[in-house]
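Read the structure below first, then the notes.
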Amino acid sequence: MLAYIIRRILYVIPISLGVTIIAFALVHIAPGDPLNAVVGADAPAEVVEKLKRDYGFDQPLPFQYARWLGRALTGDLGNSVVNNQPVAASLAIAVPNTLMLAITATLIGFVLGACLGGLAGYFQGTWIDKIATGFGVTGVSVPHYWLGIVLVIIFAVEFNVLPAMGMGPGGSAGWEWNWTHLRHLVLPAITLSVIPCGIITRTVRATVAEILSQEFVQALHAKGLLHGRVMLHIIKNAAPTVLAVMGLQLGYLLGGSILVETVFNWPGTGYLLNDAIFRRDIPTLQGTILVLAMFFVVLNLAVDILQTAVDPRMRRS
Amino acid sequence: MSLVEIENLHVSFRTDEGTANVINGVDLEVEPGEVVCILGESGSGKSVTLRALMQLLPKRRTTISGRIRVAEHDILSLDERKMADLRGPTVAMIFQEPMTAFDPVFTVGTQIVETIKRHEKISEREAEARALELFERVRIPSPKARLKNYPFEMSGGMRQRAMIALALSCRPSLLLADEPTTALDATVQIQILLLLRELQQELGMAIMFVTHDIGVAVEVGDRIAVMYAGRFVEMGSTREVFSRPAHPYTKGLMASTVHGDMKGQRMKAIDGSPPDLTRLLPGCAFEPRCGERIPVCRQVVPAIRTAGPGHTAACVHVGAPAKELA
Ligand SMILES: Nc1ncnc2c1ncn2[C@@H]1O[C@H](COP(=O)(O)OP(=O)(O)O)[C@@H](O)[C@H]1O
Ligand SMILES: [Mg+2]
């Protein structure tokens with residue numbers, strides 16, 4: 001197994017390199033002049049030229065890439081062209097916020113999805129299955145920014161029981177572990193959890209149904225085991241698949257919360273990205289995409305290793 | 001009192017193609033310590049009979065009628081919990097494919113220990129000691145290390161030995177063996193049969209042994225019951241049935257194997273194929289394939305008649321009607 005893990009970790013190198021190329025190139029493929037963000041369209045030509053040189057935009061792309069990569073490796077992602085702050089510093093604030101939101105949402109989605117999917121699979125074909133599957137399908141098909149707005153209207157506007165904006169009182173961005181701050185997490189986390197909940201429901205249902213159709217489940221009953229113990233066997237068999245799907249969902253949520261973070265003014269990476277796109281802030285865009293993509297790569301690695309560790313067939317080979 | 005009493009058992013399944021009448025009036029008694037072989041082609045209802053004995057058939061699609069008693073328990077009226085209590089200490093099952101009958105992600109030892117602990121109030125340690133003893137008994141080499149194996153780490157024969165150890169872990173009085181050697185190589189097959197026979201004599205348990213292999217049936221059975229389309233068409237001591245088969249179906253089975261090497265040989269198919277269980281006709285189910293059919297065979301299911309001492313067959317050509325069932 002160790003050999004497999006080492007090989008798997010080595011794979012990360014070419015994948016990461018690919019990720020950096022894409023993160024860098026994506027932004028340059030998009031049309032428009034990045035300097036529009038810095039100076040007006042009617043700025044004098046020599047000012048534009050000087051800025052181009054300062055930001056390095058006058059160099060050929062491969063050269064720009066090499067320089068960007070070299071700096072990125074030392075943790076320097078450049079400065080924002082909007083406010084001249086280091087991109088790495090903005091990310092250091094935004095990433096933990098997004099992580100907190102995404103992890104909470106994944107956990108909600110996991111707990112709900114595992115329960116619904118488990119029930120649906122165990123009672124396949126009954127009304128319990130139909131209701132649980134219905135929830136799952138709805139979860140996957142509801143556009144979550146729309147759901148976010150609906151939740152805001154109900155809980156923040158109509159009943160005024162939960163806040164709708166920001167991470168703390170008055171929309172402040174500082175975080176503390178207390179209820180006044182946690183309240184702000186509720187609506188965005190629920191909104192964001194709906195899709196993973198639906199996907200995990202479907203995965204768990206299919207996995208459980210597949211396991212139940214195997215002969216060993218009959219054999220477990222044939223030796224007199226009661227439902228609780230049989231359930232334990234099913235859970236251990238389902239765990240690798242469900243863990244993998246959950247890990248990937250967390251990855252998607254890290255990058256996919258742009259709309260939800262924008263709706264709720266949540267100061268995370270999605271919010272940062274959204275802002276950077278509108279202002280054509282190329283260094284911020286590149287840095288954020290790179291960091292999110294690397295999270296995804298590392299998460300995939302973690303899921304793979306975890307899966308190997310959980311499954312004895314893989315552990316012993 | 002017999003250990004097993006099955007009376008007029010009927011089992012049908014609701015399927016997409018209609019109702020499949022799989023077991024159509026089965027009567028059988030098994031005495032304590034007796035080995036009864038159920039012999040029949042694939043699809044004749046052998047596994048369903050065994051599963052009905054343990055209430056392992058899918059509840060929602062299955063209709064069962066008749067009476068089943070095992071060790072004085074009225075199986076069909078037991079609730080789920082009481083039935084589960086019997087599975088293991090009273091009646092246990094060995095499956096055809098030990099690879100799929102073990103949970104792939106638990107060690108074999110764990111799966112034996114959990115069974116013992118489910119039924120007996122003993123410590124983990126004692127249960128582990130019992131598992132080790134069982135592994136020695138079924139002659140698995142280096143048993144201590146093997147208990148820590150996952151099923152995929154064992155060979156087919158060793159897995160089946162482990163499955164036997166599991167089935168015997170709570171000392172059942174009745175063992176149901178559903179083609180336990182079909183998936184194995186011929187040489188391993190014989191070893192497993194000998195082991196089963198030896199353990200049976202040592203522990204004095206009864207075995208209902210299902211096979212489609214006439215050589216295996218002769219090897220292990222005190223008695224043979226020949227099944228066709230969910231009915232026993234012939235039943236008697238192994239010697240009687242083997243030397244004087246009475247039912248045309250049994251004769252057909254014998255004729256197709258008797259000249260070759262008996263052991264491990266599969267039954268050659270008789271001309272024609274088994275009936276469609278969703279559309280059973282009123283007469284003898286074997287009639288369309290039978291070389292001795294006469295017009296009455298199409299009209300009524302033949303009664304069970306006496307063919308010799310303790311030997312019965314359901315065929316109009318056979319001797320006298322059996323007294324108790326006439
Ligand atoms: N759970 C089930 N649902 C529907 N049909 C079944 C089920 N189990 C068995 N059958 C059908 O019952 C018949 C007898 O099956 P089985 O007892 O497994 O035969 P065998 O004698 O080979 O063991 C087959 O036609 C099979 O398709
Ligand atoms: Mg079978």
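Residues in the structure tokens are named by chain (A, B, ... in the order shown) and by number from 1 within that chain; ligands are numbered from 1 in the order shown.
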Quick one: residues within 10 Å of Asn149 (chain B), only C-alpha atoms, excluding same-chain residues fewer than 6 positions away - as an MDAnalysis selection string? (chainID A and resid 312) or (chainID B and resid 106:110 143)
Please identify all polymer residues within 7 Å of Ile5 (chain A), counting only C-alpha atoms, omitting same-chain residues fewer than 4 positions from it, and present them as number ranges by chain. A: 1, 9, 305
For CA of Leu176 (chain B) and CA of Val217 (chain A), determine how far apart the two atoms are, in Å to one decimal place. 17.1 Å
As a quick test: using only C-alpha atoms and all ligand atoms, which residues lie no more than 8 Å away from ligand 1? Give them as a short mmCIF file (atom, residue, chain, number, x, y, z; two decimals) with N, CA, C and O atoms, in the first residue's frame.
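Result written to selection_20.cif:
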```cif
data_model
loop_
_atom_site.label_atom_id
_atom_site.label_comp_id
_atom_site.auth_asym_id
_atom_site.auth_seq_id
_atom_site.Cartn_x
_atom_site.Cartn_y
_atom_site.Cartn_z
N SER B 12 -44.55 -19.42 -3.72
CA SER B 12 -44.61 -18.75 -5.02
C SER B 12 -44.06 -17.34 -4.90
O SER B 12 -44.08 -16.73 -3.82
N PHE B 13 -43.53 -16.86 -6.01
CA PHE B 13 -42.97 -15.51 -6.06
C PHE B 13 -43.77 -14.67 -7.04
O PHE B 13 -44.10 -15.15 -8.12
N ARG B 14 -44.04 -13.44 -6.65
CA ARG B 14 -44.61 -12.52 -7.63
C ARG B 14 -43.45 -11.92 -8.43
O ARG B 14 -42.54 -11.34 -7.86
N THR B 15 -43.49 -12.12 -9.73
CA THR B 15 -42.43 -11.57 -10.58
C THR B 15 -43.09 -10.76 -11.68
O THR B 15 -44.31 -10.72 -11.79
N ALA B 20 -44.69 -17.09 -10.08
CA ALA B 20 -43.92 -18.32 -10.31
C ALA B 20 -44.18 -19.28 -9.16
O ALA B 20 -43.86 -18.98 -8.01
N ASN B 21 -44.79 -20.42 -9.48
CA ASN B 21 -45.07 -21.42 -8.44
C ASN B 21 -43.85 -22.33 -8.33
O ASN B 21 -43.72 -23.29 -9.09
N VAL B 22 -42.98 -22.00 -7.41
CA VAL B 22 -41.68 -22.65 -7.36
C VAL B 22 -41.71 -23.94 -6.55
O VAL B 22 -41.14 -24.95 -6.94
N ILE B 23 -42.38 -23.92 -5.41
CA ILE B 23 -42.53 -25.14 -4.61
C ILE B 23 -44.02 -25.50 -4.59
O ILE B 23 -44.86 -24.67 -4.24
N GLY B 40 -31.52 -32.48 -7.78
CA GLY B 40 -32.40 -31.97 -8.83
C GLY B 40 -31.66 -31.03 -9.74
O GLY B 40 -30.62 -30.47 -9.37
N GLU B 41 -32.22 -30.84 -10.93
CA GLU B 41 -31.60 -29.92 -11.88
C GLU B 41 -31.65 -28.50 -11.33
O GLU B 41 -32.46 -28.18 -10.46
N SER B 42 -30.84 -27.65 -11.91
CA SER B 42 -30.84 -26.25 -11.52
C SER B 42 -32.21 -25.65 -11.82
O SER B 42 -32.80 -25.91 -12.86
N GLY B 43 -32.75 -24.90 -10.86
CA GLY B 43 -34.07 -24.28 -11.05
C GLY B 43 -35.22 -25.13 -10.55
O GLY B 43 -36.38 -24.72 -10.65
N SER B 44 -34.93 -26.29 -9.96
CA SER B 44 -36.04 -27.16 -9.54
C SER B 44 -36.61 -26.74 -8.18
O SER B 44 -37.65 -27.24 -7.78
N GLY B 45 -35.94 -25.82 -7.48
CA GLY B 45 -36.51 -25.33 -6.22
C GLY B 45 -35.77 -25.79 -4.98
O GLY B 45 -36.26 -25.65 -3.87
N LYS B 46 -34.55 -26.29 -5.15
CA LYS B 46 -33.79 -26.82 -4.01
C LYS B 46 -33.40 -25.69 -3.05
O LYS B 46 -33.66 -25.78 -1.85
N SER B 47 -32.82 -24.63 -3.60
CA SER B 47 -32.40 -23.53 -2.72
C SER B 47 -33.60 -22.89 -2.05
O SER B 47 -33.53 -22.51 -0.87
N VAL B 48 -34.68 -22.73 -2.79
CA VAL B 48 -35.87 -22.10 -2.21
C VAL B 48 -36.38 -22.91 -1.03
O VAL B 48 -36.76 -22.36 0.01
N THR B 49 -36.33 -24.24 -1.15
CA THR B 49 -36.76 -25.09 -0.04
C THR B 49 -35.90 -24.81 1.20
O THR B 49 -36.42 -24.61 2.30
N LEU B 57 -36.48 -15.96 2.54
CA LEU B 57 -36.99 -15.52 1.25
C LEU B 57 -37.50 -14.08 1.37
O LEU B 57 -37.95 -13.67 2.44
N PRO B 58 -37.41 -13.30 0.28
CA PRO B 58 -37.85 -11.89 0.35
C PRO B 58 -39.34 -11.80 0.70
O PRO B 58 -40.18 -12.27 -0.06
N ARG B 61 -42.32 -10.33 -1.77
CA ARG B 61 -42.70 -10.92 -3.05
C ARG B 61 -43.06 -12.40 -2.93
O ARG B 61 -43.38 -13.04 -3.92
N THR B 62 -42.99 -12.93 -1.71
CA THR B 62 -43.12 -14.37 -1.55
C THR B 62 -44.41 -14.75 -0.85
O THR B 62 -44.80 -14.10 0.11
N ASP B 178 -26.08 -25.77 0.76
CA ASP B 178 -26.62 -25.50 -0.57
C ASP B 178 -25.51 -25.61 -1.61
O ASP B 178 -24.78 -24.67 -1.86
N VAL B 210 -28.00 -30.07 -0.53
CA VAL B 210 -28.57 -29.84 -1.86
C VAL B 210 -27.48 -30.00 -2.92
O VAL B 210 -26.36 -29.52 -2.73
N HIS B 212 -26.84 -30.88 -7.45
CA HIS B 212 -27.37 -31.35 -8.72
C HIS B 212 -26.45 -32.44 -9.28
O HIS B 212 -26.57 -32.85 -10.41
N MET B 227 -35.90 -33.86 -6.62
CA MET B 227 -36.85 -32.77 -6.79
C MET B 227 -37.01 -32.44 -8.26
O MET B 227 -36.04 -32.39 -9.02
N ALA B 229 -39.43 -29.57 -10.54
CA ALA B 229 -40.44 -28.50 -10.59
C ALA B 229 -41.14 -28.30 -9.25
O ALA B 229 -42.35 -28.18 -9.17
N GLY B 230 -40.36 -28.27 -8.19
CA GLY B 230 -40.92 -27.93 -6.89
C GLY B 230 -41.69 -29.05 -6.22
O GLY B 230 -42.50 -28.79 -5.33
N LEU B 277 -42.49 -22.22 -14.66
CA LEU B 277 -43.16 -22.28 -13.36
C LEU B 277 -44.30 -21.27 -13.22
O LEU B 277 -45.08 -21.33 -12.28
#
```
Please give the complete set of residues from region 123-189 of chain A that DSSP, run on the backbone, assigns to helix (DSSP H, G or I), formatted as a short mmCIF file (atom, residue, chain, number, x, y, z; two decimals) with C-alpha atoms, in the first residue's frame.
```cif
data_model
loop_
_atom_site.label_atom_id
_atom_site.label_comp_id
_atom_site.auth_asym_id
_atom_site.auth_seq_id
_atom_site.Cartn_x
_atom_site.Cartn_y
_atom_site.Cartn_z
CA TRP A 127 -42.85 5.02 0.17
CA ILE A 128 -39.88 5.84 2.43
CA ASP A 129 -37.64 5.35 -0.58
CA LYS A 130 -39.87 7.55 -2.74
CA ILE A 131 -39.91 10.42 -0.27
CA ALA A 132 -36.16 10.26 0.39
CA THR A 133 -35.31 9.98 -3.30
CA GLY A 134 -37.68 12.87 -4.01
CA PHE A 135 -35.72 15.03 -1.55
CA GLY A 136 -32.49 14.00 -3.21
CA VAL A 137 -33.65 14.82 -6.73
CA THR A 138 -35.05 18.16 -5.59
CA GLY A 139 -31.75 18.97 -3.90
CA VAL A 140 -29.78 18.37 -7.06
CA SER A 141 -32.14 20.29 -9.31
CA HIS A 144 -29.00 27.21 -5.07
CA TYR A 145 -28.72 30.96 -5.48
CA TRP A 146 -32.51 30.95 -5.98
CA LEU A 147 -32.95 28.86 -2.85
CA GLY A 148 -30.62 31.25 -1.05
CA ILE A 149 -32.78 34.21 -2.00
CA VAL A 150 -35.94 32.38 -0.96
CA LEU A 151 -34.39 31.52 2.42
CA VAL A 152 -33.33 35.13 2.88
CA ILE A 153 -36.86 36.32 2.11
CA ILE A 154 -38.39 33.86 4.55
CA PHE A 155 -35.95 33.87 7.47
CA ALA A 156 -34.34 37.28 7.24
CA VAL A 157 -37.03 39.49 5.74
CA GLU A 158 -40.38 37.98 6.73
CA PRO A 169 -23.12 41.67 13.29
CA GLY A 170 -23.45 44.64 10.96
CA GLY A 171 -22.02 42.63 8.09
CA TRP A 179 -23.82 32.36 18.50
CA THR A 180 -23.96 35.96 17.21
CA HIS A 181 -21.47 34.92 14.55
CA LEU A 182 -22.65 31.35 14.04
CA ARG A 183 -26.13 32.66 13.21
CA HIS A 184 -24.64 34.17 10.10
CA LEU A 185 -23.43 30.78 8.99
CA VAL A 186 -26.83 29.11 9.09
CA LEU A 187 -28.52 30.32 5.92
CA PRO A 188 -25.53 30.21 3.55
CA ALA A 189 -24.48 26.79 4.87
#
```
Pull the closest atom pair for each residue of chain B that gets at most 6 Å from chain A, along with the distance in Å to one decimal, counting only C-alpha atoms, ordering rows by chain and then ascending residue number, as CSV.
```
residue,atom,partner,partner_atom,distance
B:Ala84,CA,A:Gly224,CA,4.3
B:Asp85,CA,A:Gly224,CA,5.9
B:Arg87,CA,A:Gly224,CA,4.6
B:Gly88,CA,A:Lys223,CA,4.9
B:Thr100,CA,A:Phe216,CA,5.7
B:Ala101,CA,A:Phe216,CA,4.1
B:Phe102,CA,A:Phe216,CA,5.3
B:Asp103,CA,A:Phe216,CA,5.6
```
Tell me, as number ranges by chain, which residues lie within 10 Å of Gln307 (chain A), counting only C-alpha atoms; anything in the same chain fewer than 6 positions away does not count. A: 239-244, 301, 314-315
Considering only C-alpha atoms, return as an mmCIF file with C-alpha atoms, in the first residue's frame whatever protein or nucleic-acid residues lie within 7 Å of Thr312 (chain B), sequence-local ones (same chain, fewer than 3 positions apart) excluded.
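The result, written out as result.cif:
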```cif
data_model
loop_
_atom_site.group_PDB
_atom_site.id
_atom_site.type_symbol
_atom_site.label_atom_id
_atom_site.label_comp_id
_atom_site.auth_asym_id
_atom_site.auth_seq_id
_atom_site.Cartn_x
_atom_site.Cartn_y
_atom_site.Cartn_z
ATOM 1 C CA GLU B 234 -38.846 -39.794 -5.609
ATOM 2 C CA MET B 235 -37.515 -40.384 -2.143
ATOM 3 C CA GLY B 236 -35.797 -43.236 -0.360
ATOM 4 C CA ILE B 304 -47.023 -40.670 -4.133
ATOM 5 C CA ARG B 305 -46.736 -44.452 -4.345
ATOM 6 C CA THR B 306 -44.602 -47.055 -2.629
ATOM 7 C CA ALA B 307 -41.727 -48.346 -4.736
ATOM 8 C CA GLY B 308 -39.987 -50.418 -2.072
#
```
I'd like the neighbourhood of Ile75 (chain B) as a VMD selection string, where a residue qualifies if any of its atoms comes within 12 Å (using only C-alpha atoms), though same-chain residues fewer than 6 positions away should be ignored. chain B and resid 4 to 7 9 51 to 56 64 to 69 81 to 87 90 to 91
Same residues, N, CA, C and O atoms, saved as a CSV table (one decimal), in the first residue's frame:
```csv
chain,number,residue,atom,x,y,z
B,4,VAL,N,-37.0,-32.2,11.5
B,4,VAL,CA,-37.6,-31.3,10.5
B,4,VAL,C,-38.9,-32.0,10.0
B,4,VAL,O,-38.8,-33.2,9.7
B,5,GLU,N,-40.0,-31.2,10.0
B,5,GLU,CA,-41.2,-31.7,9.4
B,5,GLU,C,-41.7,-30.7,8.5
B,5,GLU,O,-42.1,-29.6,8.9
B,6,ILE,N,-41.7,-31.0,7.2
B,6,ILE,CA,-42.3,-30.1,6.2
B,6,ILE,C,-43.6,-30.8,5.7
B,6,ILE,O,-43.5,-31.9,5.3
B,7,GLU,N,-44.7,-30.0,5.7
B,7,GLU,CA,-45.9,-30.6,5.3
B,7,GLU,C,-46.5,-29.7,4.2
B,7,GLU,O,-46.8,-28.5,4.5
B,9,LEU,N,-45.7,-28.0,1.7
B,9,LEU,CA,-45.2,-26.6,1.5
B,9,LEU,C,-45.4,-26.1,0.1
B,9,LEU,O,-45.1,-26.8,-0.9
B,51,ARG,N,-34.1,-22.1,1.9
B,51,ARG,CA,-34.3,-20.8,2.4
B,51,ARG,C,-35.7,-20.6,3.1
B,51,ARG,O,-35.8,-19.9,4.1
B,52,ALA,N,-36.7,-21.4,2.6
B,52,ALA,CA,-38.0,-21.3,3.3
B,52,ALA,C,-37.8,-21.8,4.8
B,52,ALA,O,-38.4,-21.3,5.7
B,53,LEU,N,-36.9,-22.8,5.0
B,53,LEU,CA,-36.7,-23.4,6.3
B,53,LEU,C,-36.1,-22.3,7.2
B,53,LEU,O,-36.2,-22.5,8.4
B,54,MET,N,-35.4,-21.3,6.7
B,54,MET,CA,-34.8,-20.3,7.6
B,54,MET,C,-35.5,-19.0,7.4
B,54,MET,O,-35.0,-18.0,7.9
B,55,GLN,N,-36.6,-19.0,6.7
B,55,GLN,CA,-37.3,-17.7,6.5
B,55,GLN,C,-36.4,-16.7,5.8
B,55,GLN,O,-36.4,-15.5,6.3
B,56,LEU,N,-35.7,-17.1,4.9
B,56,LEU,CA,-34.7,-16.1,4.2
B,56,LEU,C,-35.2,-15.6,2.9
B,56,LEU,O,-34.5,-15.0,2.2
B,64,ILE,N,-45.9,-18.1,1.1
B,64,ILE,CA,-45.6,-19.4,1.6
B,64,ILE,C,-46.8,-20.0,2.2
B,64,ILE,O,-47.5,-19.3,3.0
B,65,SER,N,-47.2,-21.2,1.9
B,65,SER,CA,-48.2,-21.9,2.7
B,65,SER,C,-47.7,-23.3,3.1
B,65,SER,O,-46.8,-23.8,2.5
B,66,GLY,N,-48.4,-23.9,4.0
B,66,GLY,CA,-48.0,-25.3,4.5
B,66,GLY,C,-47.5,-25.1,5.9
B,66,GLY,O,-47.8,-24.2,6.6
B,67,ARG,N,-46.7,-26.1,6.3
B,67,ARG,CA,-46.2,-26.1,7.7
B,67,ARG,C,-44.8,-26.5,7.7
B,67,ARG,O,-44.4,-27.5,7.0
B,68,ILE,N,-43.9,-25.8,8.4
B,68,ILE,CA,-42.6,-26.2,8.6
B,68,ILE,C,-42.3,-26.2,10.1
B,68,ILE,O,-42.5,-25.2,10.8
B,69,ARG,N,-41.8,-27.4,10.6
B,69,ARG,CA,-41.4,-27.4,12.0
B,69,ARG,C,-39.9,-27.8,12.0
B,69,ARG,O,-39.5,-28.7,11.3
B,81,ARG,N,-37.6,-11.7,15.2
B,81,ARG,CA,-36.6,-11.8,16.2
B,81,ARG,C,-36.4,-13.3,16.7
B,81,ARG,O,-35.3,-13.7,16.8
B,82,LYS,N,-37.5,-14.0,16.8
B,82,LYS,CA,-37.4,-15.4,17.3
B,82,LYS,C,-36.7,-16.2,16.2
B,82,LYS,O,-35.9,-17.1,16.5
B,83,MET,N,-37.0,-15.9,14.9
B,83,MET,CA,-36.4,-16.6,13.9
B,83,MET,C,-34.9,-16.4,13.9
B,83,MET,O,-34.1,-17.3,13.7
B,84,ALA,N,-34.5,-15.1,14.1
B,84,ALA,CA,-33.1,-14.8,14.1
B,84,ALA,C,-32.4,-15.5,15.3
B,84,ALA,O,-31.2,-15.9,15.1
B,85,ASP,N,-33.1,-15.7,16.4
B,85,ASP,CA,-32.5,-16.5,17.5
B,85,ASP,C,-32.2,-17.9,17.1
B,85,ASP,O,-31.2,-18.5,17.6
B,86,LEU,N,-33.0,-18.5,16.2
B,86,LEU,CA,-32.8,-19.9,15.8
B,86,LEU,C,-31.7,-20.0,14.8
B,86,LEU,O,-31.0,-21.1,14.7
B,87,ARG,N,-31.5,-19.0,14.0
B,87,ARG,CA,-30.4,-19.1,12.9
B,87,ARG,C,-29.1,-19.1,13.6
B,87,ARG,O,-28.7,-18.1,14.2
B,90,THR,N,-29.7,-23.3,16.0
B,90,THR,CA,-30.6,-24.5,15.7
B,90,THR,C,-30.4,-24.9,14.2
B,90,THR,O,-30.2,-26.0,13.9
B,91,VAL,N,-30.4,-23.9,13.4
B,91,VAL,CA,-30.2,-24.2,11.9
B,91,VAL,C,-29.2,-23.2,11.3
B,91,VAL,O,-29.3,-22.0,11.5
```
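Among B:Leu168, B:Val316, B:Ile112, B:Arg244, the residue with the shortest atom-to-atom distance to Ile207 (chain B), counting only C-alpha atoms, is B:Leu168.
The smallest atom-to-atom distance between Pro98 (chain B) and any of B:Glu179, B:Glu31, B:Asp222, B:Glu80, using only C-alpha atoms, is found for B:Glu179.
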Skipping near chain neighbours, those fewer than 6 positions away, what residues fall within 8 Å of Gly121 (chain A) using only C-alpha atoms, listed as a PDB file with N, CA and C atoms, in the first residue's frame?
```pdb
ATOM      1  N   ASP A 129     -38.591   5.172   0.512  1.00  0.00           N
ATOM      2  CA  ASP A 129     -37.641   5.353  -0.583  1.00  0.00           C
ATOM      3  C   ASP A 129     -38.086   6.505  -1.480  1.00  0.00           C
ATOM      4  N   VAL A 204     -25.522   7.264  -1.727  1.00  0.00           N
ATOM      5  CA  VAL A 204     -25.705   6.317  -0.630  1.00  0.00           C
ATOM      6  C   VAL A 204     -26.820   5.344  -0.983  1.00  0.00           C
ATOM      7  N   ARG A 205     -27.890   5.827  -1.570  1.00  0.00           N
ATOM      8  CA  ARG A 205     -29.002   4.941  -1.922  1.00  0.00           C
ATOM      9  C   ARG A 205     -28.525   3.856  -2.888  1.00  0.00           C
ATOM     10  N   ALA A 206     -27.832   4.281  -3.953  1.00  0.00           N
ATOM     11  CA  ALA A 206     -27.372   3.306  -4.949  1.00  0.00           C
ATOM     12  C   ALA A 206     -26.387   2.325  -4.318  1.00  0.00           C
ATOM     13  N   THR A 207     -25.466   2.856  -3.480  1.00  0.00           N
ATOM     14  CA  THR A 207     -24.462   1.987  -2.867  1.00  0.00           C
ATOM     15  C   THR A 207     -25.119   0.977  -1.944  1.00  0.00           C
ATOM     16  N   VAL A 208     -26.016   1.447  -1.095  1.00  0.00           N
ATOM     17  CA  VAL A 208     -26.673   0.547  -0.143  1.00  0.00           C
ATOM     18  C   VAL A 208     -27.495  -0.500  -0.896  1.00  0.00           C
ATOM     19  N   ALA A 209     -28.215  -0.073  -1.924  1.00  0.00           N
ATOM     20  CA  ALA A 209     -29.036  -1.024  -2.675  1.00  0.00           C
ATOM     21  C   ALA A 209     -28.144  -2.086  -3.314  1.00  0.00           C
TER      22      ALA A 209
END
```
Going by DSSP on the backbone, which bits of region 79-326 of chain B are strand (DSSP E or B)? Write them as a VMD selection string, please. chain B and resid 87 91 to 94 174 to 178 206 to 211 223 to 228 231 to 237 305 to 308 311 to 313 320 to 321
Can you tell me, as a PyMOL selection string, what residues are no more than 7 Å from Ile258 (chain A) when counting only C-alpha atoms, ignoring any on the same chain fewer than 6 positions away? chain A and resi 270-271+274
Here is a test: counting only C-alpha atoms and all ligand atoms, which residue of B:Ala177, B:Ala313, B:Leu76, B:Ile294 is nearest to ligand 2? B:Ala177
